[in-house]
>>> print(open('protein.cif').read())   # mmCIF, C-alpha atoms
data_data
#
loop_
_atom_site.label_atom_id
_atom_site.label_comp_id
_atom_site.auth_asym_id
_atom_site.auth_seq_id
_atom_site.Cartn_x
_atom_site.Cartn_y
_atom_site.Cartn_z
CA MET S 16 -28.28 -47.38 28.14
CA ARG S 17 -27.07 -49.87 25.55
CA LEU S 18 -23.70 -51.57 25.39
CA HIS S 19 -22.77 -53.07 22.04
CA TRP S 20 -19.84 -54.13 19.90
CA ARG S 21 -19.39 -52.81 16.39
CA ALA S 22 -16.76 -52.29 13.70
CA LEU S 23 -15.30 -48.82 13.10
CA GLY S 24 -17.03 -46.80 10.42
CA PRO S 25 -15.06 -45.32 7.49
CA GLY S 26 -13.14 -42.26 8.64
CA GLU S 27 -14.24 -42.76 12.25
CA LEU S 28 -11.73 -41.80 14.92
CA ASP S 29 -10.01 -44.88 16.34
CA HIS S 30 -10.29 -44.10 20.05
CA GLU S 31 -8.77 -47.44 21.06
CA LEU S 32 -5.57 -46.79 19.10
CA LEU S 33 -5.39 -43.12 20.13
CA TRP S 34 -5.91 -43.58 23.86
CA GLY S 35 -3.93 -46.82 23.93
CA LEU S 36 -0.89 -44.99 22.56
CA VAL S 37 -1.42 -41.86 24.68
CA GLY S 38 -1.84 -44.00 27.81
CA ALA S 39 1.27 -46.07 27.11
CA ALA S 40 3.37 -42.98 26.33
CA THR S 41 2.13 -41.17 29.46
CA PHE S 42 2.89 -44.22 31.61
CA GLY S 43 6.39 -44.41 30.15
CA LEU S 44 7.06 -40.72 30.69
CA VAL S 45 5.75 -40.74 34.27
CA LEU S 46 7.91 -43.78 35.06
CA ALA S 47 10.94 -42.12 33.43
CA GLY S 48 10.27 -38.90 35.35
CA LEU S 49 9.87 -40.67 38.68
CA SER S 50 12.99 -42.78 38.17
CA VAL S 51 15.12 -39.85 37.01
CA ALA S 52 13.87 -36.96 39.15
CA GLY S 53 11.91 -38.77 41.85
CA PRO S 54 8.81 -37.26 43.42
CA LEU S 55 9.01 -33.49 43.36
CA PRO S 56 8.55 -31.83 46.78
CA LEU S 57 6.28 -29.09 45.45
CA PRO S 58 3.68 -27.49 47.68
CA CYS S 59 0.08 -27.54 46.45
CA VAL S 60 -0.89 -23.97 45.59
CA PHE S 61 -4.57 -24.66 46.26
CA HIS S 62 -3.70 -26.17 49.67
CA ALA S 63 -1.44 -23.24 50.49
CA LEU S 64 -4.19 -20.75 49.65
CA THR S 65 -7.19 -22.49 51.21
CA GLY S 66 -5.77 -24.97 53.71
CA LEU S 67 -7.73 -27.70 51.92
CA PRO S 68 -6.40 -30.41 49.61
CA CYS S 69 -7.18 -30.02 45.93
CA PRO S 70 -8.98 -32.90 44.17
CA THR S 71 -5.68 -34.18 42.82
CA CYS S 72 -3.71 -34.00 46.07
CA GLY S 73 -2.25 -37.43 46.77
CA THR S 74 -1.73 -38.42 43.14
CA THR S 75 2.04 -38.79 43.41
CA ARG S 76 1.77 -40.59 46.75
CA ALA S 77 -0.79 -43.01 45.29
CA LEU S 78 1.44 -43.81 42.31
CA LEU S 79 4.52 -44.28 44.49
CA ALA S 80 2.57 -46.54 46.87
CA LEU S 81 1.39 -48.61 43.92
CA LEU S 82 4.97 -48.91 42.67
CA ASP S 83 5.88 -50.13 46.17
CA GLY S 84 3.04 -52.65 46.01
CA ASP S 85 1.13 -51.04 48.90
CA LEU S 86 -2.42 -51.17 47.57
CA LEU S 87 -4.16 -49.90 50.69
CA ALA S 88 -1.87 -46.91 51.02
CA ALA S 89 -2.40 -46.12 47.34
CA LEU S 90 -6.19 -46.28 47.66
CA ARG S 91 -6.09 -44.10 50.74
CA ALA S 92 -3.75 -41.55 49.14
CA HIS S 93 -6.07 -41.08 46.14
CA PRO S 94 -8.78 -43.66 45.44
CA ALA S 95 -9.53 -42.43 41.92
CA VAL S 96 -5.92 -42.32 40.75
CA ALA S 97 -5.20 -45.70 42.32
CA GLY S 98 -8.32 -47.15 40.72
CA VAL S 99 -7.45 -45.81 37.28
CA ALA S 100 -3.85 -46.98 37.61
CA LEU S 101 -5.04 -50.46 38.62
CA ALA S 102 -7.46 -50.62 35.70
CA ALA S 103 -4.94 -49.20 33.24
CA PRO S 104 -3.30 -52.53 32.23
CA ALA S 105 -6.70 -54.06 31.38
CA LEU S 106 -7.76 -50.94 29.47
CA GLU S 107 -4.44 -50.88 27.59
CA ALA S 108 -4.78 -54.57 26.73
CA TYR S 109 -8.32 -54.02 25.44
CA ALA S 110 -7.42 -50.87 23.47
CA LEU S 111 -4.25 -52.09 21.80
CA GLY S 112 -5.57 -55.66 21.46
CA THR S 113 -8.74 -54.66 19.58
CA TRP S 114 -6.70 -52.38 17.35
CA TRP S 115 -3.98 -54.93 16.65
CA PHE S 116 -6.38 -57.80 15.91
CA GLY S 117 -8.94 -55.58 14.15
CA ARG S 118 -11.75 -56.66 16.52
CA LYS S 119 -15.08 -54.93 17.01
CA ARG S 120 -15.11 -52.01 19.45
CA MET S 121 -17.16 -51.69 22.60
CA ARG S 122 -19.46 -48.67 22.59
CA ILE S 123 -21.98 -47.43 25.13
CA GLU S 124 -25.02 -45.53 23.93
CA LEU S 125 -26.77 -43.26 26.38
CA GLY S 126 -30.15 -41.65 25.87
CA PRO S 127 -30.77 -38.10 27.11
CA ALA S 128 -32.15 -39.27 30.48
CA ALA S 129 -29.30 -41.73 31.05
CA ARG S 130 -26.83 -39.01 30.04
CA ARG S 131 -28.24 -36.71 32.70
CA ARG S 132 -28.06 -39.46 35.32
CA ALA S 133 -24.47 -40.27 34.35
CA ARG S 134 -23.50 -36.60 34.60
CA ARG S 135 -25.10 -36.35 38.04
CA ALA S 136 -23.35 -39.52 39.19
CA ALA S 137 -19.99 -38.19 37.96
CA TRP S 138 -20.46 -34.93 39.88
CA LEU S 139 -21.47 -36.85 43.00
CA ALA S 140 -18.42 -39.10 42.68
CA LEU S 141 -16.16 -36.06 42.31
CA VAL S 142 -17.66 -34.34 45.36
CA ALA S 143 -17.43 -37.57 47.39
CA LEU S 144 -13.79 -38.02 46.38
CA TRP S 145 -12.93 -34.45 47.36
CA ALA S 146 -14.82 -34.79 50.65
CA PHE S 147 -12.87 -37.96 51.41
CA LEU S 148 -9.57 -36.20 50.74
CA ILE S 149 -10.60 -33.32 53.02
CA VAL S 150 -11.98 -35.51 55.82
CA ASP S 151 -8.96 -37.81 55.66
CA GLY S 152 -7.02 -34.70 56.59
CA ARG S 153 -3.95 -34.07 54.52
CA MET Z 29 -31.12 27.52 8.79
CA THR Z 30 -27.77 26.25 9.88
CA ASP Z 31 -25.34 24.49 7.64
CA LEU Z 32 -24.86 20.89 8.60
CA PRO Z 33 -21.27 19.62 8.60
CA PRO Z 34 -20.45 17.40 5.67
CA PRO Z 35 -21.10 13.77 6.44
CA GLY Z 36 -17.96 11.92 7.56
CA PRO Z 37 -16.97 8.44 6.65
CA PRO Z 38 -19.35 5.80 7.97
CA PRO Z 39 -18.27 4.24 11.25
CA TRP Z 40 -16.18 1.12 10.85
CA THR Z 41 -18.05 -2.05 11.39
CA PRO Z 42 -16.47 -5.47 11.44
CA PRO Z 43 -17.24 -7.69 8.47
CA PRO Z 44 -20.06 -10.10 9.17
CA LEU Z 45 -19.08 -13.39 10.73
CA PRO Z 46 -19.31 -16.42 8.49
CA PRO Z 47 -22.46 -18.44 9.05
CA ILE Z 48 -22.00 -21.37 11.38
CA SER Z 49 -23.41 -23.69 8.74
CA GLY Z 50 -20.64 -22.68 6.31
CA ARG Z 51 -17.64 -24.25 7.99
CA LEU Z 52 -15.08 -24.25 5.20
CA GLY Z 53 -12.14 -25.03 7.45
CA PRO Z 54 -9.08 -22.91 8.23
CA PRO Z 55 -6.66 -21.94 5.42
CA TRP Z 56 -4.43 -24.81 6.60
CA GLU Z 57 -6.98 -27.31 5.30
CA ARG Z 58 -7.28 -25.70 1.87
CA ASP Z 59 -5.04 -25.77 -1.19
CA GLY Z 60 -1.89 -23.67 -1.57
CA PRO Z 61 1.72 -23.44 -0.42
CA TRP Z 62 2.00 -24.90 3.09
CA LEU Z 63 3.89 -21.92 4.56
CA THR Z 64 1.24 -19.46 3.38
CA ARG Z 65 -1.52 -21.69 4.72
CA PHE Z 66 0.30 -22.02 8.06
CA ILE Z 67 0.86 -18.28 8.45
CA GLU Z 68 -2.71 -17.41 7.46
CA THR Z 69 -4.18 -19.93 9.90
CA ALA Z 70 -1.93 -18.80 12.76
CA ARG Z 71 -2.74 -15.17 12.00
CA ASP Z 72 -6.48 -15.88 12.03
CA VAL Z 73 -6.32 -17.76 15.34
CA LEU Z 74 -4.10 -15.14 17.00
CA LEU Z 75 -5.88 -12.02 15.73
CA ASP Z 76 -9.47 -13.10 15.16
CA PRO Z 77 -10.14 -16.37 16.99
CA VAL Z 78 -13.93 -15.98 16.86
CA ARG Z 79 -13.94 -15.92 13.07
CA ALA Z 80 -11.23 -18.60 12.83
CA PHE Z 81 -13.04 -21.12 15.01
CA ARG Z 82 -16.46 -20.22 13.66
CA SER Z 83 -15.31 -21.38 10.24
CA MET Z 84 -13.32 -24.37 11.52
CA ARG Z 85 -14.56 -27.75 10.36
CA ARG Z 86 -15.61 -29.91 13.28
CA GLU Z 87 -14.62 -33.22 11.69
CA GLY Z 88 -12.34 -34.39 8.92
CA GLY Z 89 -9.59 -36.30 10.69
CA LEU Z 90 -6.84 -35.49 13.16
CA GLN Z 91 -3.99 -35.42 10.65
CA ALA Z 92 -4.33 -31.81 9.46
CA PRO Z 93 -4.64 -30.17 12.91
CA LEU Z 94 -1.98 -32.50 14.30
CA THR Z 95 0.49 -31.52 11.56
CA PHE Z 96 -0.29 -27.83 12.09
CA ALA Z 97 0.27 -28.15 15.84
CA ALA Z 98 3.50 -30.11 15.34
CA ILE Z 99 4.94 -27.39 13.08
CA GLY Z 100 3.95 -24.63 15.52
CA VAL Z 101 5.38 -26.48 18.50
CA LEU Z 102 8.60 -27.24 16.60
CA VAL Z 103 9.03 -23.54 15.71
CA GLY Z 104 8.50 -22.66 19.39
CA ALA Z 105 10.93 -25.35 20.54
CA VAL Z 106 13.63 -24.18 18.12
CA ALA Z 107 13.21 -20.59 19.30
CA THR Z 108 13.35 -21.64 22.96
CA ALA Z 109 16.45 -23.77 22.37
CA VAL Z 110 18.22 -20.91 20.58
CA TYR Z 111 17.36 -18.39 23.32
CA ASP Z 112 18.39 -20.83 26.06
CA ALA Z 113 21.69 -21.52 24.32
CA LEU Z 114 22.37 -17.82 23.77
CA LEU Z 115 21.48 -16.89 27.35
CA SER Z 116 23.47 -19.74 28.91
CA GLY Z 117 26.42 -18.79 26.71
CA MET Z 118 26.21 -15.18 27.88
CA VAL Z 119 25.78 -16.12 31.54
CA ALA Z 120 28.48 -18.76 31.61
CA GLY Z 121 30.94 -16.68 29.68
CA PRO Z 122 33.21 -17.93 26.98
CA ALA Z 123 36.11 -19.01 29.17
CA VAL Z 124 36.31 -20.61 32.61
CA PRO Z 125 39.73 -21.15 34.19
CA GLY Z 126 40.58 -24.80 34.34
CA TYR Z 127 37.77 -25.79 31.97
CA GLY Z 128 38.81 -24.00 28.82
CA THR Z 129 36.26 -22.38 26.60
CA LEU Z 130 32.68 -23.42 27.22
CA PRO Z 131 30.72 -24.25 24.08
CA MET Z 132 28.35 -21.42 23.17
CA PHE Z 133 25.48 -23.73 22.30
CA GLY Z 134 25.98 -26.34 25.00
CA SER Z 135 25.70 -29.97 24.02
CA GLY Z 136 24.71 -30.31 20.39
CA PHE Z 137 23.31 -33.77 21.05
CA GLY Z 138 21.30 -32.51 24.00
CA THR Z 139 19.81 -29.66 21.99
CA MET Z 140 18.93 -31.98 19.12
CA ALA Z 141 17.36 -34.48 21.52
CA LEU Z 142 15.32 -31.70 23.09
CA LEU Z 143 14.17 -30.52 19.67
CA ILE Z 144 12.98 -34.03 18.86
CA ILE Z 145 11.47 -34.92 22.23
CA THR Z 146 9.76 -31.61 22.98
CA PRO Z 147 7.23 -31.73 20.10
CA VAL Z 148 6.44 -35.37 20.87
CA VAL Z 149 5.74 -34.59 24.52
CA ALA Z 150 3.85 -31.42 23.56
CA LEU Z 151 1.59 -33.42 21.24
CA LEU Z 152 1.04 -35.96 24.01
CA PHE Z 153 0.02 -33.14 26.35
CA MET Z 154 -2.26 -31.81 23.61
CA PHE Z 155 -4.17 -35.09 23.46
CA ALA Z 156 -4.32 -35.32 27.25
CA GLY Z 157 -5.41 -31.67 27.54
CA ALA Z 158 -8.09 -32.09 24.88
CA GLY Z 159 -9.29 -35.22 26.69
CA ILE Z 160 -9.56 -33.33 30.00
CA TYR Z 161 -11.35 -30.40 28.35
CA HIS Z 162 -13.78 -32.77 26.65
CA LEU Z 163 -14.50 -34.63 29.89
CA LEU Z 164 -15.18 -31.34 31.63
CA LEU Z 165 -17.38 -30.18 28.75
CA MET Z 166 -19.36 -33.40 29.22
CA LEU Z 167 -19.67 -32.71 32.95
CA PHE Z 168 -20.87 -29.16 32.27
CA ASP Z 169 -23.28 -30.42 29.57
CA GLY Z 170 -21.29 -28.57 26.91
CA ALA Z 171 -19.95 -31.38 24.71
CA ARG Z 172 -22.26 -30.95 21.72
CA GLN Z 173 -19.69 -32.35 19.31
CA PRO Z 174 -17.37 -35.39 19.41
CA PHE Z 175 -13.87 -35.42 20.90
CA GLU Z 176 -12.39 -34.74 17.48
CA THR Z 177 -13.86 -31.23 17.51
CA THR Z 178 -12.32 -30.47 20.90
CA PHE Z 179 -8.97 -31.77 19.73
CA ARG Z 180 -9.08 -29.67 16.57
CA VAL Z 181 -9.65 -26.54 18.68
CA VAL Z 182 -6.80 -27.39 21.04
CA ALA Z 183 -4.43 -28.23 18.19
CA TYR Z 184 -5.06 -25.04 16.19
CA ALA Z 185 -4.93 -22.89 19.34
CA SER Z 186 -1.73 -24.52 20.61
CA GLY Z 187 0.02 -24.58 17.24
CA SER Z 188 -0.73 -20.91 16.62
CA THR Z 189 0.26 -19.67 20.07
CA ALA Z 190 3.39 -21.84 20.26
CA ILE Z 191 5.08 -19.69 17.62
CA LEU Z 192 4.83 -16.73 20.02
CA GLN Z 193 7.75 -18.36 21.87
CA ALA Z 194 9.88 -16.88 19.10
CA VAL Z 195 9.24 -13.47 20.71
CA PRO Z 196 12.05 -12.95 23.24
CA ILE Z 197 11.42 -12.64 26.99
CA CYS Z 198 7.63 -12.36 27.15
CA GLY Z 199 6.65 -14.57 24.20
CA ALA Z 200 6.17 -17.78 26.16
CA LEU Z 201 4.00 -16.11 28.82
CA VAL Z 202 1.88 -14.23 26.28
CA GLY Z 203 1.55 -17.42 24.24
CA ALA Z 204 0.43 -19.44 27.26
CA ILE Z 205 -2.23 -16.88 28.20
CA TRP Z 206 -3.45 -16.41 24.63
CA SER Z 207 -3.57 -20.17 24.19
CA LEU Z 208 -6.12 -20.35 27.03
CA VAL Z 209 -8.12 -17.46 25.55
CA ALA Z 210 -8.10 -18.96 22.05
CA THR Z 211 -9.04 -22.39 23.41
CA ILE Z 212 -11.99 -20.95 25.35
CA ILE Z 213 -13.24 -19.01 22.33
CA GLY Z 214 -12.63 -22.01 20.09
CA LEU Z 215 -14.56 -24.44 22.29
CA ALA Z 216 -17.47 -22.00 22.54
CA GLN Z 217 -17.57 -21.51 18.77
CA ALA Z 218 -16.94 -25.11 17.75
CA HIS Z 219 -19.37 -26.71 20.20
CA GLU Z 220 -21.76 -23.76 19.88
CA ILE Z 221 -22.13 -23.43 23.64
CA PRO Z 222 -22.26 -20.39 25.95
CA LEU Z 223 -18.87 -18.87 26.70
CA GLY Z 224 -19.31 -19.60 30.43
CA LYS Z 225 -19.27 -23.35 29.88
CA ALA Z 226 -16.11 -23.12 27.79
CA VAL Z 227 -14.48 -20.92 30.45
CA ALA Z 228 -15.40 -23.45 33.13
CA ALA Z 229 -14.06 -26.39 31.11
CA VAL Z 230 -10.71 -24.68 30.54
CA LEU Z 231 -10.16 -22.82 33.80
CA VAL Z 232 -11.53 -25.27 36.40
CA PRO Z 233 -8.62 -27.70 36.01
CA LEU Z 234 -6.19 -24.80 36.22
CA ALA Z 235 -7.84 -23.32 39.31
CA VAL Z 236 -8.35 -26.54 41.22
CA CYS Z 237 -5.65 -28.85 40.00
CA CYS Z 238 -2.88 -26.40 39.26
CA PHE Z 239 -0.42 -28.21 41.46
CA PHE Z 240 -0.93 -31.48 39.60
CA MET Z 241 -0.43 -29.73 36.26
CA VAL Z 242 2.68 -27.90 37.41
CA ALA Z 243 4.09 -31.07 38.92
CA LEU Z 244 3.50 -33.04 35.73
CA VAL Z 245 5.06 -30.34 33.59
CA LEU Z 246 8.11 -30.13 35.84
CA LEU Z 247 8.35 -33.90 36.07
CA PHE Z 248 8.30 -34.28 32.32
CA GLY Z 249 10.61 -31.29 31.88
CA LEU Z 250 13.18 -32.78 34.21
CA SER Z 251 12.97 -36.18 32.59
CA LEU Z 252 13.43 -34.54 29.19
CA LEU Z 253 16.49 -32.70 30.40
CA ALA Z 254 17.83 -35.92 31.85
CA LEU Z 255 17.15 -37.85 28.65
CA ALA Z 256 18.87 -35.10 26.71
CA GLY Z 257 21.88 -35.36 29.03
CA MET Z 258 21.44 -31.84 30.37
CA ALA Z 259 20.47 -32.62 33.97
#
>>> encode(input="protein.cif", output="structure tokens")
Amino acid sequence: MRLHWRALGPGELDHELLWGLVGAATFGLVLAGLSVAGPLPLPCVFHALTGLPCPTCGTTRALLALLDGDLLAALRAHPAVAGVALAAPALEAYALGTWWFGRKRMRIELGPAARRRARRAAWLALVALWAFLIVDGR
Amino acid sequence: MTDLPPPGPPPWTPPPLPPISGRLGPPWERDGPWLTRFIETARDVLLDPVRAFRSMRREGGLQAPLTFAAIGVLVGAVATAVYDALLSGMVAGPAVPGYGTLPMFGSGFGTMALLIITPVVALLFMFAGAGIYHLLLMLFDGARQPFETTFRVVAYASGSTAILQAVPICGALVGAIWSLVATIIGLAQAHEIPLGKAVAAVLVPLAVCCFFMVALVLLFGLSLLALAGMA
């Protein structure tokens, strides 16, 4: 695995600009939706069919808890969503900052073996997250 | 010796698929009048997605597929707005005692706002959807090409199927289902991966996280209606 900083190549997709804008627009729309319509009391279809929470159960609760400033409740409701939401400001600052100031971009290069390990780790993290949601009993 | 019947016409065989190495791009990315290019590309994706995505270029910028998708989504949004206005006009009736005559097309400002906001939100969803598909392709070891390729598939599939909303009553449902089918075929052809991996990347989020998707769609839908002054 190698982490390095480099300038964008000619015609290369500007991921920082793209995901910075998509992230900011999504954040704005979610905030607008929550403030206008509030959390929607919709049952989870997966939960209704299986009796188990789906891997995204708790997303709305985590976001609402974060908006209330209750970090522990947010992490318990959905650790991944809370984690991403907490990291989002830093990621947005990096993405839009590097684009605005024309700085070099951070890139991670993975060899085939490291790619396999990363894929395995991602699957394990997903299974662990789902197991936590099930064991936590919602 | 018996007489053999005269030979009939040879059985129809589909024309050979273009070689994967010869990705010339869809008609939309070639020269010609834009309407002709749009119709030909949409026709190819709707009627022969294997051929369409087999000849799709995997890189070359986001602008062309983004423009194609925006036009398709706008056509679908206009059709939906017209049908909604017509249906609400028929249901509400032209005159309500005490309120006078209700406008047939509702709030003109609201409809215009919806027509502007809907494509923007749809394009946002397109990027988010392509991102989710690409992440899942990576998890299933199926991302053989960069994110741009995944986005191009999603944009051409969504733009083509969005115009099916112009078909009354069942158009939106048929378009939604065919969008999934075209996306699966497109990912398999563009990334050159087995169909199973493309199916998994597209259907797993729907099967497991359907509530989250539905909630987001409804949330955004309600906020759009509110922004447009219709809720």
>>> resolve_selection(input="protein.cif", expression="the PyMOL selection byres ((chain S and resi 105-114) around 9)", output="PDB file with C-alpha atoms, in the coordinates of the input")
ATOM      1  CA  ASP S  29     -10.010 -44.880  16.340  1.00  0.00           C
ATOM      2  CA  HIS S  30     -10.290 -44.100  20.050  1.00  0.00           C
ATOM      3  CA  GLU S  31      -8.770 -47.440  21.060  1.00  0.00           C
ATOM      4  CA  LEU S  32      -5.570 -46.790  19.100  1.00  0.00           C
ATOM      5  CA  LEU S  33      -5.390 -43.120  20.130  1.00  0.00           C
ATOM      6  CA  TRP S  34      -5.910 -43.580  23.860  1.00  0.00           C
ATOM      7  CA  GLY S  35      -3.930 -46.820  23.930  1.00  0.00           C
ATOM      8  CA  LEU S  36      -0.890 -44.990  22.560  1.00  0.00           C
ATOM      9  CA  GLY S  38      -1.840 -44.000  27.810  1.00  0.00           C
ATOM     10  CA  ALA S  39       1.270 -46.070  27.110  1.00  0.00           C
ATOM     11  CA  LEU S 101      -5.040 -50.460  38.620  1.00  0.00           C
ATOM     12  CA  ALA S 102      -7.460 -50.620  35.700  1.00  0.00           C
ATOM     13  CA  ALA S 103      -4.940 -49.200  33.240  1.00  0.00           C
ATOM     14  CA  PRO S 104      -3.300 -52.530  32.230  1.00  0.00           C
ATOM     15  CA  TRP S 115      -3.980 -54.930  16.650  1.00  0.00           C
ATOM     16  CA  PHE S 116      -6.380 -57.800  15.910  1.00  0.00           C
ATOM     17  CA  GLY S 117      -8.940 -55.580  14.150  1.00  0.00           C
ATOM     18  CA  ARG S 118     -11.750 -56.660  16.520  1.00  0.00           C
ATOM     19  CA  LYS S 119     -15.080 -54.930  17.010  1.00  0.00           C
ATOM     20  CA  ARG S 120     -15.110 -52.010  19.450  1.00  0.00           C
TER      21      ARG S 120
END
>>> atom_distance(input="protein.cif", atom1="CA of Val232 (chain Z)", atom2="CA of Thr65 (chain S)")
15.7 Å
>>> resolve_selection(input="protein.cif", expression="the PyMOL selection byres ((chain S) within 10 of (chain Z))", output="number ranges by chain")
S: 26-28, 30, 33-34, 36-38, 40-41, 44-62, 68-75, 130-131, 133-138
>>> residues_around(input="protein.cif", residues="Trp20 (chain S)", least_positions_apart="2", cutoff="9 Å", atoms="only C-alpha atoms", output="ChimeraX atom specification")
/S:18,22,119-123
>>> resolve_selection(input="protein.cif", expression="the PyMOL selection byres ((chain Z and resi 161) around 10)", output="list in words")
Phe155, Ala156, Gly157, Ala158, Gly159, Ile160, His162, Leu163, Leu164, Leu165, Met166, Leu167, Ala171, Phe175, Thr178, Phe179, Val182, Thr211, Ile212, Leu215, Ala226, Ala228, Ala229, Val230, Leu231, Val232 and Pro233 of chain Z
>>> atom_distance(input="protein.cif", atom1="CA of Val181 (chain Z)", atom2="CA of Pro222 (chain Z)")
15.8 Å
>>> atom_distance(input="protein.cif", atom1="CA of Ala105 (chain Z)", atom2="CA of Phe81 (chain Z)")
25.0 Å
